[in-house]
Structure formats: C-alpha cells, structure tokens
file entry-v7.txt (compact mmCIF, C-alpha atoms)
# COMPACT_ATOMS: atom_id res chain seq x y z
CA MET C 1 29.55 155.74 44.04
CA LEU C 2 31.25 156.40 40.66
CA SER C 3 34.61 155.07 41.83
CA THR C 4 33.07 151.82 42.95
CA THR C 5 31.35 151.09 39.64
CA SER C 6 34.42 152.00 37.56
CA ALA C 7 36.85 149.81 39.54
CA SER C 8 34.84 146.66 39.41
CA PRO C 9 35.45 145.76 35.68
CA ALA C 10 39.22 146.12 36.00
CA ARG C 11 39.24 144.01 39.08
CA ARG C 12 37.17 141.44 37.38
CA LEU C 13 39.60 141.38 34.44
CA ARG C 14 42.57 140.84 36.72
CA VAL C 15 40.84 138.06 38.54
CA SER C 16 39.88 136.35 35.28
CA LEU C 17 43.42 136.69 33.91
CA ARG C 18 44.86 135.14 37.04
CA GLY C 19 42.46 132.21 36.79
CA ARG C 20 43.22 131.67 33.13
CA GLY C 21 46.97 131.87 33.72
CA ALA C 22 46.79 129.26 36.44
CA ALA C 23 44.69 127.00 34.22
CA ILE C 24 47.15 127.41 31.31
CA LEU C 25 50.13 126.64 33.53
CA LEU C 26 48.35 123.57 34.91
CA ALA C 27 47.53 122.37 31.39
CA LEU C 28 51.13 122.86 30.27
CA ALA C 29 52.40 120.97 33.28
CA ILE C 30 50.01 118.06 32.57
CA GLU C 31 51.06 117.94 28.90
CA LEU C 32 54.75 117.99 29.89
CA LEU C 33 54.15 115.18 32.35
CA ILE C 34 52.34 113.14 29.68
CA ALA C 35 55.17 113.74 27.18
CA LEU C 36 57.79 112.62 29.73
CA THR C 37 55.73 109.52 30.52
CA LEU C 38 55.46 108.58 26.85
CA LEU C 39 59.18 109.07 26.35
CA TRP C 40 59.95 106.90 29.35
CA MET C 41 57.56 104.13 28.23
CA ALA C 42 58.64 104.18 24.59
CA PRO C 43 60.98 101.21 23.70
CA LYS C 44 64.56 101.94 22.89
CA ILE C 45 65.34 101.35 19.24
CA THR C 46 68.98 100.70 18.55
CA PRO C 47 69.98 101.37 14.95
CA LYS C 48 71.23 98.35 13.02
CA GLU C 49 74.88 98.35 12.21
CA LYS C 50 75.63 98.55 8.57
CA SER C 51 77.40 95.51 7.20
CA LYS C 52 80.96 96.22 6.34
CA THR C 53 82.00 95.52 2.81
CA VAL C 54 84.81 93.01 2.73
CA VAL C 55 87.22 93.47 -0.10
CA PHE C 56 89.47 90.54 -1.02
CA GLY C 57 92.78 91.55 -2.47
CA ILE C 58 95.23 89.37 -4.37
CA GLU C 59 98.84 90.29 -3.86
CA ALA C 60 101.26 89.62 -6.70
CA SER C 61 104.27 87.63 -5.57
CA ASP C 62 107.76 88.42 -6.79
CA GLY C 63 108.57 86.83 -10.13
CA SER C 64 105.03 85.45 -10.70
CA GLU C 65 104.32 87.60 -13.74
CA ALA C 66 107.41 86.51 -15.70
CA PRO C 67 106.47 82.81 -16.03
CA ALA C 68 102.94 83.76 -17.00
CA ARG C 69 104.22 85.96 -19.77
CA GLN C 70 106.58 83.25 -20.96
CA GLU C 71 103.73 80.71 -21.08
CA ALA C 72 101.56 83.17 -23.04
CA GLU C 73 104.34 83.81 -25.53
CA LYS C 74 104.91 80.05 -26.02
CA ALA C 75 101.19 79.52 -26.63
CA GLU C 76 101.18 82.27 -29.25
CA GLN C 77 104.26 80.81 -30.96
CA THR C 78 102.68 77.34 -30.99
CA ALA C 79 99.51 78.72 -32.52
CA ARG C 80 101.53 80.43 -35.26
CA LYS C 81 103.38 77.22 -36.24
CA PRO C 82 101.94 75.14 -39.09
CA ALA C 83 99.99 71.95 -38.44
CA GLY C 84 102.88 69.67 -39.51
CA ALA C 85 105.30 71.25 -37.05
CA ARG C 86 102.72 70.84 -34.24
CA ALA C 87 102.27 67.14 -34.94
CA GLN C 88 106.05 66.63 -35.00
CA ALA C 89 106.40 68.45 -31.67
CA GLN C 90 103.68 66.31 -30.12
CA GLU C 91 105.45 63.15 -31.32
CA GLN C 92 108.72 64.29 -29.78
CA GLN C 93 107.13 64.79 -26.35
CA PRO C 94 107.94 61.83 -24.01
CA THR C 95 105.01 59.62 -23.12
CA ALA C 96 104.57 57.54 -19.98
CA GLU C 97 105.83 54.02 -20.40
CA THR C 98 103.17 51.34 -20.01
CA PRO C 99 104.14 48.44 -17.72
CA PRO C 100 104.74 45.11 -19.45
CA PRO C 101 101.97 42.51 -19.12
CA PRO C 102 102.38 40.02 -16.25
CA VAL C 103 104.07 36.80 -17.20
CA PRO C 104 101.78 33.81 -16.40
CA PRO C 105 103.30 31.05 -14.26
CA PRO C 106 104.49 27.99 -16.14
CA VAL C 107 101.85 25.30 -16.47
CA SER C 108 102.96 22.03 -14.96
CA SER C 109 102.24 18.79 -16.75
CA GLY C 110 100.83 17.02 -13.64
CA PRO C 111 97.99 17.97 -11.27
CA PRO C 112 98.69 20.79 -8.72
CA SER C 113 98.44 18.39 -5.76
CA PHE C 114 101.09 16.03 -7.11
CA ILE C 115 104.26 15.90 -5.02
CA GLN C 116 107.36 14.12 -6.20
CA MET C 117 108.78 11.83 -3.50
CA SER C 118 111.60 9.36 -3.31
CA ARG C 119 111.15 5.74 -2.27
CA ALA C 120 112.48 6.41 1.24
CA GLU C 121 110.10 9.33 1.74
CA TYR C 122 107.16 7.31 0.41
CA ALA C 123 107.98 4.45 2.79
CA ALA C 124 108.23 6.84 5.75
CA SER C 125 104.81 8.36 4.97
CA ASP C 126 103.02 4.98 5.10
CA VAL C 127 100.37 5.42 7.82
CA SER C 128 99.84 1.69 8.17
CA ARG C 129 103.21 1.39 9.92
CA VAL C 130 102.44 4.06 12.58
CA PRO C 131 101.87 2.42 16.00
CA ALA C 132 98.41 2.83 17.51
CA ALA C 133 98.05 5.39 20.31
CA LYS C 134 97.34 4.23 23.83
CA ALA C 135 93.80 5.00 24.89
CA GLY C 136 94.71 5.29 28.56
CA GLU C 137 97.36 7.98 27.87
CA GLU C 138 95.54 10.22 25.40
CA GLY C 139 91.92 9.91 26.51
CA ASP C 140 90.33 11.54 29.48
CA ALA C 141 90.60 9.69 32.78
CA GLU C 142 86.86 9.21 33.10
CA THR C 143 86.45 8.13 29.47
CA ALA C 144 89.25 5.62 29.83
CA ALA C 145 87.70 4.21 32.97
CA ALA C 146 84.33 3.91 31.25
CA SER C 147 85.90 1.99 28.36
CA GLY C 148 87.54 -0.47 30.73
CA GLY C 149 91.00 1.13 30.89
CA GLY C 150 92.67 2.92 33.74
CA SER C 151 95.44 2.22 36.24
CA ALA C 152 95.59 -0.35 39.01
CA GLY C 153 95.00 2.25 41.75
CA ASP C 154 91.63 3.43 40.40
CA THR C 155 88.65 3.41 42.74
CA PRO C 156 86.32 0.51 41.86
CA ARG C 157 82.83 1.21 40.63
CA ALA C 158 79.86 0.53 42.84
CA GLY C 159 76.91 0.78 40.44
CA THR C 160 74.76 3.57 39.09
CA GLY C 161 73.05 6.38 40.97
CA PRO C 162 69.33 7.30 40.92
CA HIS C 163 69.87 9.73 38.01
CA GLY C 164 72.26 7.56 35.99
CA GLU C 165 75.48 8.91 37.49
CA THR C 166 78.41 6.52 38.04
CA LEU C 167 78.90 5.52 41.67
CA TYR C 168 82.27 4.61 43.17
CA ALA C 169 82.98 2.75 46.37
CA ALA C 170 83.51 5.15 49.27
CA ASP C 171 86.98 5.31 50.80
CA TRP C 172 86.79 6.78 54.30
CA TYR C 173 89.14 9.63 55.17
CA ARG C 174 87.80 9.35 58.73
CA ARG C 175 85.12 6.92 59.82
CA PRO C 176 82.07 8.33 61.60
CA THR C 177 81.70 7.63 65.31
CA ASN C 178 78.71 6.22 67.19
CA ALA C 179 78.19 9.66 68.73
CA GLN C 180 77.76 11.12 65.24
CA LEU C 181 75.35 8.41 64.04
CA SER C 182 73.17 7.61 67.09
CA PRO C 183 71.27 10.96 67.27
CA TYR C 184 69.62 10.22 63.90
CA LEU C 185 68.45 6.64 64.60
CA PRO C 186 64.65 6.36 64.60
CA GLN C 187 62.83 4.64 67.46
CA ARG C 188 61.60 1.82 65.20
CA ALA C 189 65.21 0.86 64.36
CA LEU C 190 66.38 0.48 67.97
CA GLY C 191 67.31 -3.11 68.83
CA ARG C 192 67.28 -4.23 65.17
CA GLU C 193 70.37 -4.98 63.13
CA GLY C 194 70.56 -3.76 59.53
CA TRP C 195 72.10 -1.21 57.21
CA GLY C 196 71.37 2.03 55.34
CA GLU C 197 72.82 3.06 52.00
CA VAL C 198 73.05 6.49 50.31
CA ALA C 199 74.67 8.09 47.23
CA CYS C 200 76.57 11.36 47.82
CA ARG C 201 78.56 13.76 45.65
CA THR C 202 82.10 14.51 46.78
CA ILE C 203 83.23 18.10 47.31
CA SER C 204 86.35 19.81 48.66
CA ARG C 205 87.81 19.08 52.11
CA TYR C 206 86.71 15.42 51.85
CA GLN C 207 83.08 16.35 52.51
CA VAL C 208 79.97 15.14 50.66
CA THR C 209 76.70 16.78 49.62
CA ASP C 210 73.43 16.10 47.75
CA CYS C 211 73.02 12.73 49.46
CA GLN C 212 70.09 10.54 48.35
CA GLU C 213 68.73 7.35 49.86
CA LEU C 214 69.42 4.16 47.90
CA GLY C 215 68.14 1.38 50.18
CA GLU C 216 67.94 -0.10 53.66
CA PHE C 217 67.52 -3.36 55.50
CA PRO C 218 65.20 -4.33 56.94
CA ARG C 219 62.70 -2.40 54.86
CA GLY C 220 60.96 0.31 56.85
CA SER C 221 63.66 0.41 59.53
CA GLY C 222 64.64 4.02 58.71
CA TYR C 223 68.35 3.26 58.50
CA ALA C 224 68.69 4.96 55.05
CA GLY C 225 67.17 8.16 56.39
CA ALA C 226 69.47 8.07 59.43
CA VAL C 227 72.55 7.76 57.19
CA ARG C 228 71.36 10.60 54.92
CA GLN C 229 70.80 12.94 57.88
CA ALA C 230 74.21 12.19 59.42
CA ALA C 231 76.09 12.45 56.08
CA PHE C 232 77.07 16.09 56.55
CA GLN C 233 79.64 14.86 59.10
CA PHE C 234 81.19 12.24 56.79
CA LEU C 235 84.75 12.63 55.51
CA VAL C 236 85.33 10.59 52.31
CA ARG C 237 88.25 10.57 49.91
CA PRO C 238 87.28 11.48 46.30
CA PRO C 239 87.54 8.62 43.77
CA GLN C 240 90.93 8.11 42.09
CA LEU C 241 91.11 7.70 38.29
CA ASN C 242 94.52 7.37 36.63
CA GLY C 243 96.19 8.84 39.70
CA ARG C 244 93.93 11.91 39.77
CA ALA C 245 91.39 12.80 42.48
CA MET C 246 87.98 13.23 40.83
CA VAL C 247 86.26 15.75 43.12
CA GLY C 248 82.61 16.10 42.20
CA THR C 249 81.97 12.44 41.37
CA TRP C 250 79.47 10.30 43.29
CA VAL C 251 80.20 7.63 45.91
CA ARG C 252 78.10 4.90 47.51
CA ILE C 253 78.13 4.93 51.33
CA ARG C 254 76.75 2.08 53.44
CA ILE C 255 76.53 2.16 57.25
CA THR C 256 75.91 -1.19 58.98
CA TYR C 257 74.23 -1.18 62.38
CA THR C 258 74.92 -4.18 64.69
CA GLN C 259 73.76 -5.10 68.15
CA ARG C 260 76.54 -5.22 70.73
CA ALA C 261 76.70 -7.52 73.73
CA GLY C 262 75.78 -4.69 76.09
CA GLY C 263 72.58 -4.02 74.21
CA ASP C 264 73.79 -0.88 72.47
CA ASP C 265 73.76 -0.38 68.68
call {"tool": "encode", "arguments": {"input": "entry-v7.txt", "output": "structure tokens"}}
result
Amino acid sequence: MLSTTSASPARRLRVSLRGRGAAILLALAIELLIALTLLWMAPKITPKEKSKTVVFGIEASDGSEAPARQEAEKAEQTARKPAGARAQAQEQQPTAETPPPPVPPPVSSGPPSFIQMSRAEYAASDVSRVPAAKAGEEGDAETAAASGGGSAGDTPRAGTGPHGETLYAADWYRRPTNAQLSPYLPQRALGREGWGEVACRTISRYQVTDCQELGEFPRGSGYAGAVRQAAFQFLVRPPQLNGRAMVGTWVRIRITYTQRAGGDD
C-alpha cells in the first residue's frame, strides 16, 4: 500500500512534464511557421543605388600655358605705361576701313521714258502703216463664221436650235434606208405624205445624239417623232468650218416621206 501511494506523485510529474513539453514544442513550431509565413509575404526592398559623383577634369594641352602667361605679362606692362603712351598705342592700332559711300547714278536731263530715235527708226515704228490682220486667219473658226467670214467649203447654216444653238445643214455620210425608218412610223401617218425635222448634236464616228423635234407636216402626223426615234441609226458628217470638222456642233435633219406608186411610203 505504501509503494502505491509514493509512486503516484512521480508518475504524475512525468506525465505533466511530457504534456507540457509537447505543448511547448507545438507552440514553437506554430511560431516558426508564422515567422516563415511573414518572411515569405513581406515585400522585397531593394536598396537604392547611390548616385555616383561625376568629376569633370580639364586637361592642360601642350604649350597652352605659355601664351596665357605672355598675355598676362603684356597686360601688366600696358597697365604700367603712362596714359599718353596708351593713347599713342591705341592710335597706332589699325582700324577697319569703312567702305566709300555709293555713287548715285547720273541724273538725266529728260524723263526716264524718253528714248532717242533716228528718223528711220521713228518712221518704222509708226503703227498707222502696219497692215490690218486678217480676221479669218487669226480668229477662231466658229467666231469667224459667226462674223460672216470663213472659207468657201464651210457648211451652210440652217437656223437656230431650240436652246439658241447654231444649226448647220446635215451632210449625210450614209443615207438611212426604208427598213431603218419604217418601224417608227405611226399608224396615223400611213398613206399621208409629209416630213419630219429634228436637231441633233454630232459626235464621233459620224453619229448623232440629243435629238429634239423641230417640226412636222402635216401637223399631228407624228413624222417628227418617227425621225427622232430612228436618229440613233443616222450617219452624218460633222459641219466643216475653215477646213476643220466641228464635232459636237448641231445639225438640222429633215426626212421627207412620199407615197410610191405601189402604195408604200
């Protein structure tokens, strides 16, 4: 009974020491883990580099000190001279020569626009003796034709168009055929003689465009409309003015419809 009661406190002490040691070790491990975590999470601070001091050096070139000393000695000698000697030295120094003033041009007795001429030169410069220029040679072909000039081979005029343009008589390059004209004849014009007239603008390849109706006979026959519709097939020479083909000018075209013996138009 005595051995049991005496052994229990020592055993209890050992058990308590073991528990405390384990708790201490666990606490140390937790603190170490926390310290490592803080070190890992802490930002890295890089130390700033110190600015290097730049030293500028001036190297003395060979023979540069001797002229400087000579200049200093001359300055000292000049300062020691009396005032009269300084003034005389300054007068002896060469000065820059000033350019002479510009010489004005001689003034003429007559006006600046006066030109001396001999009698022969004056007679040759008389504009009243110059022959008049020919209007047909110097002017434009169309202007000359409008003023009544032009050559004998010019295309005669045929009136004025609906918008004031000059019309010239059409000169066929190839006359239209009955097969080209008959499809555009209206029913009311069949069996009636008459004519249709249009104004067209000449273009390249002897063709015409922009045709407009000018008149027809008898009135209401529809001949003008038939000519206008068939005009895309017409081949007309452009008007001639002073030997030049005036492509783009307007021509007057008239198609006359007659009744043949067989009853066909």
call {"tool": "closest_residue", "arguments": {"input": "entry-v7.txt", "among": "C:Ile253, C:Ala230, C:Pro218, C:Thr258", "to": "Gly159 of chain C", "atoms": "all atoms listed in the file"}}
result
C:Ile253
call {"tool": "atom_distance", "arguments": {"input": "entry-v7.txt", "atom1": "atom CA of Asn242 of chain C", "atom2": "atom CA of Gly153 of chain C"}}
result
7.3 Å
call {"tool": "atom_distance", "arguments": {"input": "entry-v7.txt", "atom1": "atom CA of Phe234 of chain C", "atom2": "atom CA of Arg192 of chain C"}}
result
23.1 Å
call {"tool": "atom_distance", "arguments": {"input": "entry-v7.txt", "atom1": "atom CA of Ala245 of chain C", "atom2": "atom CA of Ala158 of chain C"}}
result
16.8 Å
call {"tool": "residues_around", "arguments": {"input": "entry-v7.txt", "residues": "Gly215 of chain C", "least_positions_apart": "6", "cutoff": "7 Å", "atoms": "all atoms listed in the file", "output": "ChimeraX atom specification"}}
result
/C:196-197,224
call {"tool": "write_last_selection", "arguments": {"input": "entry-v7.txt", "atoms": "C-alpha atoms", "output": "PDB file, in the coordinates of the input"}}
result
ATOM      1  CA  GLY C 196      71.370   2.030  55.340  1.00  0.00           C
ATOM      2  CA  GLU C 197      72.820   3.060  52.000  1.00  0.00           C
ATOM      3  CA  ALA C 224      68.690   4.960  55.050  1.00  0.00           C
TER       4      ALA C 224
END
call {"tool": "closest_residue", "arguments": {"input": "entry-v7.txt", "among": "C:Trp40, C:Tyr173, C:Trp250, C:Tyr184", "to": "Gln229 of chain C", "atoms": "all atoms listed in the file"}}
result
C:Tyr184
call {"tool": "residues_near_point", "arguments": {"input": "entry-v7.txt", "point": "(64.1, 2.2, 55.7)", "cutoff": "12 Å", "atoms": "only C-alpha atoms", "output": "VMD selection string"}}
result
chain C and resid 185 to 186 188 to 189 192 194 to 198 213 to 228
